[in-house]
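Reproduced below: run.txt, with compact mmCIF, C-alpha atoms (C1' of nucleotides).
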# COMPACT_ATOMS: atom_id res chain seq x y z
CA MET A 13 34.15 5.65 -9.45
CA GLY A 14 34.28 2.18 -7.91
CA ARG A 15 33.71 -0.74 -10.20
CA GLY A 16 31.80 -4.00 -10.25
CA ALA A 17 30.88 -5.62 -6.99
CA TYR A 18 31.89 -2.66 -4.89
CA ALA A 19 29.83 -0.06 -6.73
CA LYS A 20 26.90 -2.40 -6.81
CA GLY A 21 27.10 -2.94 -3.07
CA VAL A 22 27.10 0.79 -2.42
CA ALA A 23 24.13 1.34 -4.70
CA LYS A 24 22.21 -1.45 -3.04
CA ARG A 25 22.91 0.05 0.34
CA GLU A 26 21.48 3.36 -0.81
CA GLU A 27 18.45 1.60 -2.21
CA ILE A 28 17.83 -0.16 1.07
CA LEU A 29 17.96 3.10 3.01
CA GLU A 30 15.47 4.60 0.60
CA VAL A 31 13.07 1.68 0.71
CA ALA A 32 13.22 1.47 4.48
CA LEU A 33 11.67 4.94 4.57
CA GLU A 34 8.92 3.87 2.22
CA VAL A 35 8.08 0.94 4.43
CA VAL A 36 8.05 3.05 7.57
CA ALA A 37 5.77 5.55 5.88
CA GLU A 38 3.35 2.80 4.94
CA LEU A 39 3.42 0.54 7.95
CA GLY A 40 4.79 2.63 10.78
CA CYS A 41 7.83 1.73 12.87
CA ARG A 42 6.17 -1.02 14.82
CA ASN A 43 5.03 -2.96 11.79
CA SER A 44 8.03 -2.43 9.60
CA SER A 45 10.06 -5.58 9.20
CA ASN A 46 13.31 -6.55 7.61
CA ARG A 47 11.44 -9.09 5.56
CA GLU A 48 9.23 -6.47 3.96
CA ILE A 49 12.16 -4.22 3.15
CA ALA A 50 14.17 -7.13 1.79
CA GLN A 51 11.34 -8.19 -0.46
CA ARG A 52 10.97 -4.72 -1.95
CA VAL A 53 14.63 -4.40 -2.81
CA GLY A 54 14.65 -7.90 -4.27
CA LEU A 55 16.63 -9.62 -1.56
CA SER A 56 15.96 -12.32 0.95
CA GLN A 57 15.87 -11.32 4.57
CA ALA A 58 19.26 -12.93 5.08
CA GLY A 59 20.54 -11.01 2.10
CA LEU A 60 19.47 -7.78 3.73
CA MET A 61 21.31 -8.67 6.91
CA HIS A 62 24.49 -8.73 4.91
CA TYR A 63 24.29 -4.96 4.57
CA PHE A 64 23.14 -4.14 8.06
CA GLY A 65 24.02 -6.46 10.87
CA SER A 66 20.85 -5.77 12.79
CA ARG A 67 17.58 -3.98 12.65
CA GLU A 68 18.85 -1.16 14.83
CA ASP A 69 21.87 -0.72 12.62
CA LEU A 70 19.67 -0.27 9.61
CA TYR A 71 17.50 2.43 11.12
CA MET A 72 20.39 4.29 12.64
CA ALA A 73 21.98 4.29 9.22
CA VAL A 74 18.83 5.79 7.73
CA LEU A 75 18.86 8.53 10.32
CA ARG A 76 22.49 9.40 9.83
CA ALA A 77 22.38 9.23 6.05
CA ARG A 78 19.55 11.70 5.83
CA ASP A 79 21.08 14.13 8.28
CA GLU A 80 24.27 14.10 6.28
CA ARG A 81 22.40 14.75 3.07
CA ASP A 82 20.28 17.54 4.51
CA THR A 83 23.29 19.14 6.06
CA ALA A 84 25.11 19.11 2.77
CA ASP A 85 22.13 20.31 0.75
CA TYR A 86 20.46 22.90 2.93
CA TRP A 87 21.68 23.72 6.33
CA GLN A 88 25.24 23.98 7.54
CA PRO A 89 26.87 26.24 10.10
CA GLY A 90 26.57 29.71 8.62
CA SER A 91 23.20 29.09 7.01
CA ASP A 92 20.39 31.47 7.75
CA PHE A 93 16.80 30.87 8.75
CA GLN A 94 15.83 30.21 5.16
CA GLY A 95 18.10 27.17 5.15
CA PHE A 96 16.18 25.80 8.08
CA LEU A 97 12.92 26.37 6.25
CA ASP A 98 14.34 24.60 3.23
CA VAL A 99 14.89 21.48 5.29
CA ILE A 100 11.31 21.57 6.51
CA GLU A 101 10.09 22.12 2.98
CA HIS A 102 12.13 19.17 1.81
CA ASN A 103 10.76 16.97 4.59
CA THR A 104 7.41 17.38 2.89
CA ASN A 105 8.68 14.92 0.31
CA VAL A 106 9.82 12.25 2.74
CA PRO A 107 7.00 11.42 5.14
CA GLY A 108 8.69 8.16 6.08
CA LEU A 109 11.67 10.05 7.33
CA VAL A 110 9.57 12.39 9.41
CA GLN A 111 7.68 9.48 10.87
CA LEU A 112 10.85 7.61 11.66
CA TYR A 113 12.26 10.63 13.45
CA VAL A 114 9.19 11.25 15.53
CA GLU A 115 8.67 7.64 16.54
CA PHE A 116 12.33 6.90 17.09
CA SER A 117 13.04 10.00 19.13
CA ALA A 118 10.16 9.14 21.43
CA GLU A 119 11.26 5.56 21.76
CA ALA A 120 14.84 6.69 22.27
CA SER A 121 13.84 8.35 25.50
CA ILE A 122 13.96 5.03 27.33
CA GLY A 123 17.14 4.22 29.20
CA ARG A 124 20.07 3.09 27.12
CA HIS A 125 18.34 3.08 23.79
CA PRO A 126 20.89 2.98 20.98
CA ALA A 127 19.57 6.23 19.53
CA HIS A 128 19.42 8.18 22.78
CA GLU A 129 22.71 9.98 22.41
CA PHE A 130 22.08 10.58 18.74
CA PHE A 131 18.92 12.55 19.36
CA LEU A 132 20.31 14.50 22.29
CA GLU A 133 23.24 15.67 20.22
CA ARG A 134 21.01 16.40 17.29
CA TYR A 135 18.80 18.71 19.31
CA GLU A 136 21.78 20.52 20.71
CA TRP A 137 23.17 20.92 17.23
CA ALA A 138 19.91 22.22 15.78
CA ARG A 139 19.37 24.74 18.52
CA ARG A 140 22.91 26.00 18.34
CA LEU A 141 22.75 26.42 14.59
CA LEU A 142 19.44 28.20 14.73
CA ALA A 143 20.52 30.49 17.55
CA GLN A 144 23.54 31.37 15.47
CA SER A 145 21.38 32.33 12.53
CA VAL A 146 19.23 34.55 14.75
CA ARG A 147 22.32 36.33 15.96
CA THR A 148 23.47 36.79 12.40
CA ALA A 149 20.08 38.26 11.53
CA GLN A 150 20.42 40.62 14.48
CA GLU A 151 23.77 41.85 13.22
CA ARG A 152 22.23 42.51 9.84
CA GLY A 153 19.38 44.41 11.48
CA GLU A 154 16.70 42.03 10.19
CA PHE A 155 16.14 41.05 13.77
CA GLY A 156 16.10 43.62 16.54
CA PRO A 157 18.31 43.27 19.59
CA ASN A 158 15.61 42.85 22.21
CA VAL A 159 15.21 39.13 22.13
CA ASP A 160 17.22 36.19 23.35
CA ALA A 161 18.56 34.23 20.36
CA GLU A 162 18.73 30.97 22.34
CA LEU A 163 15.13 31.32 23.39
CA VAL A 164 13.92 31.98 19.87
CA ALA A 165 15.88 29.00 18.62
CA ASP A 166 14.35 26.74 21.28
CA ILE A 167 10.85 27.79 20.39
CA VAL A 168 11.31 27.48 16.67
CA VAL A 169 12.84 24.02 16.91
CA ALA A 170 10.02 22.88 19.18
CA ALA A 171 7.38 24.39 16.93
CA ALA A 172 8.92 22.73 13.90
CA ASP A 173 8.81 19.32 15.58
CA GLY A 174 5.26 19.79 16.72
CA LEU A 175 4.18 20.94 13.28
CA GLN A 176 5.71 17.87 11.73
CA GLN A 177 3.76 15.71 14.13
CA GLN A 178 0.56 17.41 13.03
CA TRP A 179 1.54 17.32 9.40
CA LEU A 180 1.92 13.56 9.55
CA LEU A 181 -1.74 13.35 10.42
CA ASP A 182 -2.90 16.08 8.08
CA ARG A 183 -0.71 16.66 5.06
CA SER A 184 -2.55 19.82 4.12
CA ILE A 185 -0.90 21.74 6.95
CA ASP A 186 1.59 24.30 5.65
CA MET A 187 4.51 23.94 8.02
CA VAL A 188 6.71 26.48 6.32
CA ALA A 189 4.08 29.19 6.37
CA ARG A 190 3.44 28.68 10.03
CA LEU A 191 7.11 28.72 10.90
CA LYS A 192 7.53 31.92 8.96
CA ALA A 193 4.77 33.39 11.08
CA VAL A 194 6.61 32.42 14.26
CA SER A 195 9.81 33.88 13.02
CA GLY A 196 8.11 37.02 11.79
CA GLY A 197 6.47 37.44 15.15
CA PHE A 198 9.74 37.24 17.00
CA ALA A 199 11.37 39.58 14.52
CA ALA A 200 8.74 42.22 15.22
CA LEU A 201 9.01 41.60 18.92
CA SER A 202 12.75 41.98 18.85
CA HIS A 203 12.42 45.64 17.92
CA LEU A 204 10.25 46.40 20.93
CA ASP A 205 11.70 48.37 23.81
CA PRO A 206 12.29 45.80 26.58
CA ALA A 207 11.05 48.35 29.12
CA ASP A 208 7.52 47.96 27.76
CA MET B 10 -20.93 2.32 45.03
CA GLY B 11 -20.80 -0.94 43.11
CA ARG B 12 -20.19 -4.07 45.12
CA GLY B 13 -18.16 -7.24 44.88
CA ALA B 14 -17.18 -8.51 41.50
CA TYR B 15 -18.30 -5.42 39.64
CA ALA B 16 -16.32 -2.92 41.72
CA LYS B 17 -13.32 -5.17 41.60
CA GLY B 18 -13.53 -5.37 37.84
CA VAL B 19 -13.63 -1.61 37.50
CA ALA B 20 -10.68 -1.16 39.84
CA LYS B 21 -8.67 -3.73 37.95
CA ARG B 22 -9.43 -1.96 34.71
CA GLU B 23 -8.09 1.27 36.16
CA GLU B 24 -5.02 -0.47 37.41
CA ILE B 25 -4.32 -1.94 34.00
CA LEU B 26 -4.55 1.47 32.34
CA GLU B 27 -2.11 2.84 34.89
CA VAL B 28 0.38 0.02 34.54
CA ALA B 29 0.23 0.14 30.75
CA LEU B 30 1.68 3.64 30.96
CA GLU B 31 4.47 2.47 33.23
CA VAL B 32 5.39 -0.22 30.77
CA VAL B 33 5.35 2.15 27.82
CA ALA B 34 7.56 4.56 29.73
CA GLU B 35 10.06 1.82 30.45
CA LEU B 36 10.07 -0.17 27.25
CA GLY B 37 8.63 2.11 24.59
CA CYS B 38 5.65 1.32 22.41
CA ARG B 39 7.38 -1.21 20.23
CA ASN B 40 8.57 -3.35 23.10
CA SER B 41 5.56 -3.12 25.32
CA SER B 42 3.63 -6.36 25.46
CA ASN B 43 0.41 -7.55 26.98
CA ARG B 44 2.37 -10.19 28.84
CA GLU B 45 4.49 -7.64 30.66
CA ILE B 46 1.48 -5.59 31.64
CA ALA B 47 -0.44 -8.67 32.72
CA GLN B 48 2.42 -9.82 34.89
CA ARG B 49 2.67 -6.49 36.68
CA VAL B 50 -0.99 -6.39 37.52
CA GLY B 51 -0.90 -9.99 38.67
CA LEU B 52 -2.81 -11.53 35.82
CA SER B 53 -2.04 -13.99 33.10
CA GLN B 54 -1.96 -12.64 29.60
CA ALA B 55 -5.28 -14.34 28.90
CA GLY B 56 -6.66 -12.74 32.04
CA LEU B 57 -5.72 -9.34 30.71
CA MET B 58 -7.52 -9.99 27.46
CA HIS B 59 -10.70 -10.37 29.44
CA TYR B 60 -10.62 -6.62 30.09
CA PHE B 61 -9.50 -5.44 26.69
CA GLY B 62 -10.31 -7.52 23.66
CA SER B 63 -7.17 -6.55 21.80
CA ARG B 64 -3.94 -4.69 22.12
CA GLU B 65 -5.28 -1.73 20.18
CA ASP B 66 -8.33 -1.58 22.40
CA LEU B 67 -6.14 -1.33 25.46
CA TYR B 68 -4.06 1.55 24.22
CA MET B 69 -6.99 3.45 22.84
CA ALA B 70 -8.59 3.09 26.25
CA VAL B 71 -5.49 4.55 27.87
CA LEU B 72 -5.59 7.52 25.53
CA ARG B 73 -9.25 8.24 26.09
CA ALA B 74 -9.14 7.73 29.84
CA ARG B 75 -6.36 10.25 30.28
CA ASP B 76 -7.95 12.85 28.07
CA GLU B 77 -11.13 12.55 30.05
CA ARG B 78 -9.28 12.96 33.29
CA ASP B 79 -7.22 15.92 32.13
CA THR B 80 -10.29 17.59 30.72
CA ALA B 81 -12.10 17.20 34.00
CA ASP B 82 -9.14 18.30 36.12
CA TYR B 83 -7.54 21.11 34.20
CA TRP B 84 -8.77 22.20 30.87
CA GLN B 85 -12.35 22.48 29.71
CA PRO B 86 -14.02 24.93 27.36
CA GLY B 87 -13.81 28.26 29.14
CA SER B 88 -10.42 27.56 30.70
CA ASP B 89 -7.68 30.10 30.18
CA PHE B 90 -4.08 29.66 29.14
CA GLN B 91 -3.08 28.71 32.66
CA GLY B 92 -5.28 25.63 32.38
CA PHE B 93 -3.33 24.58 29.34
CA LEU B 94 -0.07 25.06 31.22
CA ASP B 95 -1.45 22.98 34.06
CA VAL B 96 -1.94 20.06 31.72
CA ILE B 97 1.64 20.34 30.52
CA GLU B 98 2.87 20.60 34.09
CA HIS B 99 0.89 17.51 34.97
CA ASN B 100 2.31 15.61 32.02
CA THR B 101 5.65 15.93 33.74
CA ASN B 102 4.43 13.23 36.10
CA VAL B 103 3.36 10.78 33.41
CA PRO B 104 6.19 10.24 30.95
CA GLY B 105 4.59 7.03 29.72
CA LEU B 106 1.56 8.96 28.64
CA VAL B 107 3.60 11.54 26.80
CA GLN B 108 5.56 8.82 25.08
CA LEU B 109 2.42 6.95 24.12
CA TYR B 110 0.95 10.08 22.60
CA VAL B 111 4.01 10.96 20.61
CA GLU B 112 4.60 7.48 19.26
CA PHE B 113 0.98 6.69 18.65
CA SER B 114 0.19 9.94 16.89
CA ALA B 115 3.09 9.36 14.53
CA GLU B 116 2.07 5.78 13.89
CA ALA B 117 -1.54 6.86 13.48
CA SER B 118 -0.59 8.84 10.40
CA ILE B 119 -0.61 5.70 8.30
CA GLY B 120 -3.75 4.97 6.35
CA ARG B 121 -6.67 3.61 8.30
CA HIS B 122 -4.94 3.32 11.63
CA PRO B 123 -7.49 2.91 14.43
CA ALA B 124 -6.25 6.04 16.16
CA HIS B 125 -6.15 8.27 13.09
CA GLU B 126 -9.48 9.97 13.63
CA PHE B 127 -8.86 10.24 17.33
CA PHE B 128 -5.76 12.34 16.89
CA LEU B 129 -7.18 14.52 14.16
CA GLU B 130 -10.15 15.42 16.30
CA ARG B 131 -7.94 15.93 19.31
CA TYR B 132 -5.79 18.49 17.51
CA GLU B 133 -8.79 20.35 16.27
CA TRP B 134 -10.21 20.40 19.76
CA ALA B 135 -6.97 21.62 21.34
CA ARG B 136 -6.47 24.41 18.85
CA ARG B 137 -10.05 25.55 19.14
CA LEU B 138 -9.91 25.63 22.90
CA LEU B 139 -6.64 27.50 22.94
CA ALA B 140 -7.77 30.02 20.34
CA GLN B 141 -10.80 30.63 22.49
CA SER B 142 -8.67 31.37 25.52
CA VAL B 143 -6.57 33.82 23.52
CA ARG B 144 -9.71 35.63 22.47
CA THR B 145 -10.87 35.74 26.05
CA ALA B 146 -7.52 37.21 27.06
CA GLN B 147 -7.91 39.82 24.34
CA GLU B 148 -11.29 40.83 25.69
CA ARG B 149 -9.76 41.23 29.12
CA GLY B 150 -6.95 43.33 27.68
CA GLU B 151 -4.23 40.90 28.75
CA PHE B 152 -3.65 40.28 25.09
CA GLY B 153 -3.67 43.10 22.57
CA PRO B 154 -5.87 42.97 19.49
CA ASN B 155 -3.15 42.86 16.86
CA VAL B 156 -2.66 39.17 16.60
CA ASP B 157 -4.61 36.29 15.11
CA ALA B 158 -5.90 34.05 17.89
CA GLU B 159 -5.99 31.00 15.63
CA LEU B 160 -2.40 31.50 14.61
CA VAL B 161 -1.22 31.87 18.18
CA ALA B 162 -3.09 28.73 19.15
CA ASP B 163 -1.53 26.77 16.30
CA ILE B 164 1.95 27.82 17.27
CA VAL B 165 1.51 27.15 20.95
CA VAL B 166 0.05 23.69 20.40
CA ALA B 167 2.89 22.85 18.03
CA ALA B 168 5.51 24.21 20.41
CA ALA B 169 4.00 22.23 23.28
CA ASP B 170 4.21 19.01 21.30
CA GLY B 171 7.74 19.67 20.20
CA LEU B 172 8.79 20.51 23.74
CA GLN B 173 7.34 17.28 24.99
CA GLN B 174 9.34 15.39 22.41
CA GLN B 175 12.49 17.07 23.65
CA TRP B 176 11.53 16.63 27.27
CA LEU B 177 11.23 12.88 26.77
CA LEU B 178 14.90 12.86 25.88
CA ASP B 179 16.00 15.39 28.47
CA ARG B 180 13.79 15.62 31.53
CA SER B 181 15.55 18.73 32.77
CA ILE B 182 13.84 20.86 30.13
CA ASP B 183 11.30 23.21 31.66
CA MET B 184 8.39 22.99 29.26
CA VAL B 185 6.13 25.33 31.18
CA ALA B 186 8.71 28.09 31.39
CA ARG B 187 9.34 27.94 27.67
CA LEU B 188 5.68 27.94 26.81
CA LYS B 189 5.19 30.98 29.03
CA ALA B 190 7.92 32.68 27.06
CA VAL B 191 6.11 31.94 23.82
CA SER B 192 2.87 33.22 25.17
CA GLY B 193 4.50 36.28 26.69
CA GLY B 194 6.13 37.03 23.38
CA PHE B 195 2.85 36.93 21.53
CA ALA B 196 1.17 38.98 24.21
CA ALA B 197 3.73 41.74 23.78
CA LEU B 198 3.48 41.48 20.03
CA SER B 199 -0.27 41.74 20.13
CA HIS B 200 -0.02 45.30 21.40
CA LEU B 201 2.12 46.41 18.48
CA ASP B 202 0.61 48.58 15.80
CA PRO B 203 0.11 46.25 12.79
CA ALA B 204 1.26 49.07 10.52
CA ASP B 205 4.78 48.72 11.89
C1' DG C 28 -12.92 -13.42 36.42
C1' DT C 29 -9.07 -15.95 35.99
C1' DC C 30 -6.26 -19.77 34.66
C1' DT C 31 -3.75 -23.32 31.64
C1' DA C 32 -2.79 -24.68 27.32
C1' DT C 33 -2.17 -23.91 22.81
C1' DA C 34 -2.62 -22.21 18.29
C1' DA C 35 -0.79 -19.40 14.72
C1' DA C 36 1.98 -15.99 13.03
C1' DA C 37 5.88 -13.05 12.64
C1' DG C 38 10.14 -11.29 13.77
C1' DG C 39 15.36 -11.34 14.14
C1' DA C 40 19.32 -13.68 13.62
C1' DT C 41 22.70 -17.44 12.18
C1' DA C 42 24.95 -21.40 9.46
C1' DG C 43 26.50 -22.94 5.49
C1' DA C 44 26.18 -23.66 0.42
C1' DC C 45 27.01 -21.43 -3.95
C1' DG D 11 26.85 -11.05 -2.30
C1' DT D 12 23.10 -13.71 -2.05
C1' DC D 13 20.28 -17.69 -1.11
C1' DT D 14 17.93 -21.54 1.46
C1' DA D 15 17.00 -23.45 5.51
C1' DT D 16 16.40 -23.30 10.12
C1' DC D 17 16.22 -21.84 14.99
C1' DC D 18 14.69 -19.41 18.66
C1' DT D 19 11.94 -15.98 20.66
C1' DT D 20 8.11 -13.23 21.21
C1' DT D 21 3.55 -11.81 20.47
C1' DT D 22 -1.41 -11.76 20.02
C1' DA D 23 -5.41 -14.30 20.38
C1' DT D 24 -8.57 -18.24 21.36
C1' DA D 25 -10.63 -22.48 23.69
C1' DG D 26 -12.18 -24.46 27.45
C1' DA D 27 -11.83 -25.73 32.47
C1' DC D 28 -12.61 -23.95 37.12
What does this structure look like when you write it as structure tokens?
Amino acid sequence: MGRGAYAKGVAKREEILEVALEVVAELGCRNSSNREIAQRVGLSQAGLMHYFGSREDLYMAVLRARDERDTADYWQPGSDFQGFLDVIEHNTNVPGLVQLYVEFSAEASIGRHPAHEFFLERYEWARRLLAQSVRTAQERGEFGPNVDAELVADIVVAAADGLQQQWLLDRSIDMVARLKAVSGGFAALSHLDPAD
Amino acid sequence: MGRGAYAKGVAKREEILEVALEVVAELGCRNSSNREIAQRVGLSQAGLMHYFGSREDLYMAVLRARDERDTADYWQPGSDFQGFLDVIEHNTNVPGLVQLYVEFSAEASIGRHPAHEFFLERYEWARRLLAQSVRTAQERGEFGPNVDAELVADIVVAAADGLQQQWLLDRSIDMVARLKAVSGGFAALSHLDPAD
DNA sequence: GTCTATAAAAGGATAGAC
DNA sequence: GTCTATCCTTTTATAGAC
């Protein structure tokens, strides 16, 4: 374990990432400011800038940090569909994160936005991982053969994103249950004779 | 037809709504400003404020205007699933609108945001309409009976939103084709014996 | 309806002391 | 590492003339 100034710096960095999510959840992306975050972690705005050179840097760091954590905790290559559901379930506890992702990914669509590449790669990664888990399920016989794994993955990823959008507005929506229904539907379908 | 100053005012209002979308598509919500919009429609910023009392007013007007138009053109109560697909197809031509919806709906999740109610009602409306069209399809025999119309509607609306998020980042994604696949999947499923 | 001018606030970033 | 102070920019909104 690092000591003194170093360990403190790392801890503070973590705290900032955490608080940034809080602020986004409360104020939205547009109204979140470095000043507000700084105040909540007990720093001046200039003090905050010591950790992250710019506003964009800070939010990109939030995005990456959470993906790394989720990947480690729930969903790596080789995980099954349940791992994916676990991530969604966990997102229920971090509305700021969900909001940041939705708003940022939309904003990142504009030309040469710093997060553009990030989101493109992330989608590719998610779809590939999910398609893999469908194929695994097919080998185990949980999923029938008569369905295109890539297609199922595309739909499930899209549905998950859309559900999160709705959940932000109405927290009573049960995202996991609905995603299970999608998956269950495709599982049943996959046993159908394609000649039907 | 209105004459003179009145007609001109109405036309200018329309133009502003149109240009606001352009600006959002180019700069994103966070970086869109009244000044930029004003400049593009050949007004001063103060001139723009004559039409819309505040920034929020302007964007809410954009949202409502487009919904009214889409409803009139493609998708009213009684429309079938194709009408829904037509809206999505049409959205392909208005990336600014899609972006505005995604960003705004996420931002509107925060407490007492002016657009909060708007989006909640809009989701309820969309799901109800779509569920209705599934039921109609069931009566016609295009859809089998063994599926819950409300559930299908929920999934399709969510998938549509998620696909639009992805499409913003990668315009080569064919949203309509994928949504047809979802619908086709459920249609096939709906003929399955529920005892399976 | 549209402009100029201006207020008033807020944001991001930097310089330099400690 | 952290602060104070400051700068510069941008934004929304208003007042009042034409």
List as CSV every residue of chain A that is in contact with chain C, defined as an atom at most 12 Å from one of its atoms (using only C-alpha atoms (C1' of nucleotides)), together with the nearest atom pair and the distance in Å rounded to one decimal, sorted by chain and then rising number.
residue,atom,partner,partner_atom,distance
A:Arg42,CA,C:DG38,C1',11.1
A:Asn43,CA,C:DG38,C1',10.0
A:Ser44,CA,C:DG38,C1',10.0
A:Ser45,CA,C:DG38,C1',7.3
A:Asn46,CA,C:DG39,C1',8.4
A:Arg47,CA,C:DG38,C1',8.6
A:Glu48,CA,C:DG38,C1',11.0
A:Gln57,CA,C:DG39,C1',9.6
A:Ala58,CA,C:DA40,C1',8.6
A:Gly59,CA,C:DA40,C1',11.9
A:Leu60,CA,C:DA40,C1',11.5
A:Met61,CA,C:DA40,C1',8.6
A:His62,CA,C:DA40,C1',11.3
A:Phe64,CA,C:DA40,C1',11.7
A:Gly65,CA,C:DA40,C1',9.0
A:Ser66,CA,C:DG39,C1',7.9
A:Arg67,CA,C:DG39,C1',7.8
A:Glu68,CA,C:DG39,C1',10.8
re atom CA of B:Ala70 and atom CA of B:Leu26: distance 7.5 Å
note - atom CA of B:Asp95 and atom CA of A:Ile122 are separated by 24.6 Å
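Atom pair atom CA of A:Val168 / atom CA of B:Leu188 has a distance of 11.6 Å (rounded to one decimal).
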I need the contact residues of chain B against chain A, so if you could list those with any atom within 6 Å, counting only C-alpha atoms, and return them as a list in words, that would help.
Glu35, Gly37, Arg39, Gln108, Glu112, Ala115, Glu116, Ser118, Ile119, Ala167, Ala168, Asp170, Gly171, Leu172, Leu177, Leu178 and Leu198 of chain B
inquiry  = For a quick test of understanding: name the residues of chain D lying within 9 Å of chain B when counting only C-alpha atoms (C1' of nucleotides), and present them as number ranges by chain.
reply    = D: 21-23
Can you tell me, as JSON, the centre and edge lengths (Å, one decimal) of the axis-aligned box enclosing all of stretch 15-23 of chain D's listed atoms after padding each side by 8 Å?
{"center_x": 5.8, "center_y": -17.6, "center_z": 13.4, "size_x": 38.4, "size_y": 27.7, "size_z": 31.7}
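All residues of protein, DNA or RNA that reach within 12 Å of stretch 149-151 of chain A, judged by only C-alpha atoms (C1' of nucleotides) and not counting those fewer than 6 positions away in the chain, are Gly90, Ser91, Asp92, Phe93, Gln94, Leu142, Ala143, Pro157, Asn158, Val159, Asp160, Ala161, Ser195, Phe198, Ala199, Ala200, Ser202 and His203 of chain A.
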ask   = Could you name the residues that touch B:Val96 at 9 Å or less, counting all atoms listed in the file, but leaving out those on the same chain fewer than 6 positions away, as a PyMOL selection string?
value = chain B and resi 79-80+82-84
For the selection just defined, write its residues with C-alpha atoms to a file, as a PDB file, keeping the file's coordinate frame.
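The resulting file, selection_19.pdb, is shown below:
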ATOM      1  CA  ASP B  79      -7.220  15.920  32.130  1.00  0.00           C
ATOM      2  CA  THR B  80     -10.290  17.590  30.720  1.00  0.00           C
ATOM      3  CA  ASP B  82      -9.140  18.300  36.120  1.00  0.00           C
ATOM      4  CA  TYR B  83      -7.540  21.110  34.200  1.00  0.00           C
ATOM      5  CA  TRP B  84      -8.770  22.200  30.870  1.00  0.00           C
TER       6      TRP B  84
END
